[in-house]
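Heads up: the structure comes next, in structure tokens.
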Amino acid sequence: MMRTMIISLKEIKLRYIGVWLKDQLQRPHMFRNLVVNRSAWGAFSIYSHIKRSNGKPKIAYPTKSKAENAAVDMAKKYGKPFTVYKCLFCDGWHVSQDAHGLPIQEKSTEALNLEKYAKKPIAQATALDVKKILSTNIPDLAPVYGGFRGRTLSSERQLHAWNTMMEAGINQIIDLRADYTSDFYSELCKESGIAYFHYPVSYEEVEQMISLFPEFCRLIDNGRFYIACAMGLHRTDIALCTYWTFNAADKGIAPPEIRGYRKVDGHNTNKIMRVLNAFYQHKTEKEGKEPIPIEVFKERKNIINELSKLESLSTTSMP
């Protein structure tokens, strides 16, 4: 994270900050973007200008209006909200997914979605109806720690299952997407009488993960949650492994299944370990002591590594 910050500060063009700030102050969620969730400050990261995957610059539009037109076209094509922001590294404007300040066409789409799906169940189960939840056939759906994991329910592809999941006893949504800043998911939960908790999982967000960790653990311990990232695999693996390593393992609770970073699928646990190591380091520095003995930490990481090598996964048993 420090390396990214240093690179970013060297590349930022100071002459663009005024345009960026003026645009941010005109947005309807200005205070929240700048002060509460601080999502607007992501523009100061070099990755707001280049792609993490290959380091190449993102598409830059010469004017805000042209970028907004592109955002509307992308929203119609992908069925997801997009917005625009002034780049601090070049003279153009970029388009990003799931942010505040959506174009009018996207806002009307979200309003229709809320009207269609945000219905409070007549009677919600007092315990999870596992069979009913599994019947939704959400990709990568699986029980975990008294709740469920899978692909995010705010996606157009999973929204059909929204009311079924609520009726089956889910009463807490845990959203792990670090780059998700739209109000749609939280508003959908609010209108449906469901609790919403945003726990951004990212190496760059480790300090925020630490500050929110006690509440995150409490919600997992309570059960009846639905935890997800976009695909329900990788950030979800990281979040659950963090929960187990720094909380649940001390209570004798079994580690979670590794469903995203599996060796049989050509993956490894490097990204899990990167976050766990950063979490351990930052927590140690913040509290002035190790959260767990270093040898215990290494042992738990080894267990996670071994779990990633398993070739089969259970799909129906509740832990």
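For the structure tokens, the naming scheme is as follows: chains receive sequential letters (A, B, ...) according to their order of presentation, residues are indexed from 1 within each chain, and ligands are indexed from 1 in presentation order.
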
Using only C-alpha atoms, which protein or nucleic acid residues come within 7 Å of region 198-209 of chain A? Drop anything in the same chain fewer than 3 positions from it, and give the result as a PDB file with N, CA, C and O atoms, in the first residue's frame.
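And here's selection_33.pdb as it stands now:
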```pdb
ATOM      1  N   MET A   1       0.829  -1.203   0.000  1.00  0.00           N
ATOM      2  CA  MET A   1       0.000   0.000   0.000  1.00  0.00           C
ATOM      3  C   MET A   1       0.864   1.255   0.000  1.00  0.00           C
ATOM      4  O   MET A   1       0.547   2.226  -0.676  1.00  0.00           O
ATOM      5  N   ILE A 174     -23.953  -9.114   4.202  1.00  0.00           N
ATOM      6  CA  ILE A 174     -22.577  -8.655   4.397  1.00  0.00           C
ATOM      7  C   ILE A 174     -21.952  -8.512   3.017  1.00  0.00           C
ATOM      8  O   ILE A 174     -21.732  -9.505   2.321  1.00  0.00           O
ATOM      9  N   ASP A 175     -21.688  -7.280   2.625  1.00  0.00           N
ATOM     10  CA  ASP A 175     -21.178  -6.962   1.290  1.00  0.00           C
ATOM     11  C   ASP A 175     -19.672  -6.740   1.367  1.00  0.00           C
ATOM     12  O   ASP A 175     -19.206  -5.856   2.085  1.00  0.00           O
ATOM     13  N   LEU A 176     -18.904  -7.511   0.602  1.00  0.00           N
ATOM     14  CA  LEU A 176     -17.450  -7.486   0.707  1.00  0.00           C
ATOM     15  C   LEU A 176     -16.755  -6.703  -0.400  1.00  0.00           C
ATOM     16  O   LEU A 176     -15.534  -6.590  -0.399  1.00  0.00           O
ATOM     17  N   ARG A 177     -17.504  -6.147  -1.339  1.00  0.00           N
ATOM     18  CA  ARG A 177     -16.895  -5.474  -2.488  1.00  0.00           C
ATOM     19  C   ARG A 177     -16.281  -4.138  -2.065  1.00  0.00           C
ATOM     20  O   ARG A 177     -16.981  -3.231  -1.645  1.00  0.00           O
ATOM     21  N   ALA A 178     -14.969  -4.039  -2.190  1.00  0.00           N
ATOM     22  CA  ALA A 178     -14.269  -2.828  -1.758  1.00  0.00           C
ATOM     23  C   ALA A 178     -14.555  -1.650  -2.671  1.00  0.00           C
ATOM     24  O   ALA A 178     -14.485  -0.495  -2.242  1.00  0.00           O
ATOM     25  N   LEU A 212     -13.351  -2.427  11.425  1.00  0.00           N
ATOM     26  CA  LEU A 212     -14.695  -3.002  11.340  1.00  0.00           C
ATOM     27  C   LEU A 212     -14.748  -4.470  11.785  1.00  0.00           C
ATOM     28  O   LEU A 212     -15.830  -5.048  11.882  1.00  0.00           O
ATOM     29  N   PHE A 213     -13.586  -5.043  12.077  1.00  0.00           N
ATOM     30  CA  PHE A 213     -13.492  -6.483  12.338  1.00  0.00           C
ATOM     31  C   PHE A 213     -14.358  -6.957  13.516  1.00  0.00           C
ATOM     32  O   PHE A 213     -15.022  -7.990  13.405  1.00  0.00           O
ATOM     33  N   ARG A 235     -12.918 -12.723  -2.597  1.00  0.00           N
ATOM     34  CA  ARG A 235     -12.970 -11.859  -1.415  1.00  0.00           C
ATOM     35  C   ARG A 235     -13.679 -12.580  -0.269  1.00  0.00           C
ATOM     36  O   ARG A 235     -13.368 -12.363   0.898  1.00  0.00           O
ATOM     37  N   ALA A 239     -12.277 -12.986   3.459  1.00  0.00           N
ATOM     38  CA  ALA A 239     -13.013 -12.509   4.637  1.00  0.00           C
ATOM     39  C   ALA A 239     -13.219 -13.622   5.653  1.00  0.00           C
ATOM     40  O   ALA A 239     -13.004 -13.435   6.857  1.00  0.00           O
ATOM     41  N   VAL A 275      -3.293 -10.627   2.474  1.00  0.00           N
ATOM     42  CA  VAL A 275      -4.188  -9.869   3.338  1.00  0.00           C
ATOM     43  C   VAL A 275      -4.011 -10.278   4.799  1.00  0.00           C
ATOM     44  O   VAL A 275      -3.968  -9.424   5.695  1.00  0.00           O
ATOM     45  N   ALA A 278      -0.860  -8.681   6.114  1.00  0.00           N
ATOM     46  CA  ALA A 278      -1.032  -7.240   6.319  1.00  0.00           C
ATOM     47  C   ALA A 278      -1.922  -6.977   7.529  1.00  0.00           C
ATOM     48  O   ALA A 278      -1.674  -6.050   8.310  1.00  0.00           O
ATOM     49  N   PHE A 279      -2.952  -7.795   7.680  1.00  0.00           N
ATOM     50  CA  PHE A 279      -3.862  -7.672   8.827  1.00  0.00           C
ATOM     51  C   PHE A 279      -3.085  -7.883  10.119  1.00  0.00           C
ATOM     52  O   PHE A 279      -3.234  -7.111  11.076  1.00  0.00           O
ATOM     53  N   HIS A 282      -0.557  -4.813  10.641  1.00  0.00           N
ATOM     54  CA  HIS A 282      -1.217  -3.558  11.004  1.00  0.00           C
ATOM     55  C   HIS A 282      -1.864  -3.647  12.390  1.00  0.00           C
ATOM     56  O   HIS A 282      -1.840  -2.682  13.153  1.00  0.00           O
TER      57      HIS A 282
END
```

Tyr16 (chain A) environment, 12 Å, only C-alpha atoms, sequence neighbours closer than 3 positions dropped, as JSON, numbers by chain: {"A": [11, 12, 13, 19, 20, 21, 22, 23, 43, 44, 85, 86, 87, 88, 89, 90, 91, 92, 93]}

Quick one: pick out all strand (DSSP E) residues within region 104-315 of chain A from a backbone DSSP run and write them as a ChimeraX atom specification. /A:142-144,147-149,172-175,195-198,225-228

If you run DSSP on the backbone, which residues of region 105-273 of chain A are helix (DSSP H, G or I), as a ChimeraX atom specification? /A:105-117,130-134,159-167,184-192,203-222,234-246,248-251,263-265,270-273

Taking 5 positions as the minimum chain separation for residues in the same chain, which residues sit within 9 Å of Tyr196 (chain A) when counting only C-alpha atoms? Answer as an NGL selection string. :A and (171-175 or 185-187 or 189-190)

List the neighbours of region 294-303 of chain A out to 10 Å using only C-alpha atoms; skip same-chain residues closer than 4 positions along the sequence, and give me the result as a VMD selection string. chain A and resid 241 244 to 246 249 255 269 272 to 273 276 to 277 280 290 307 to 308
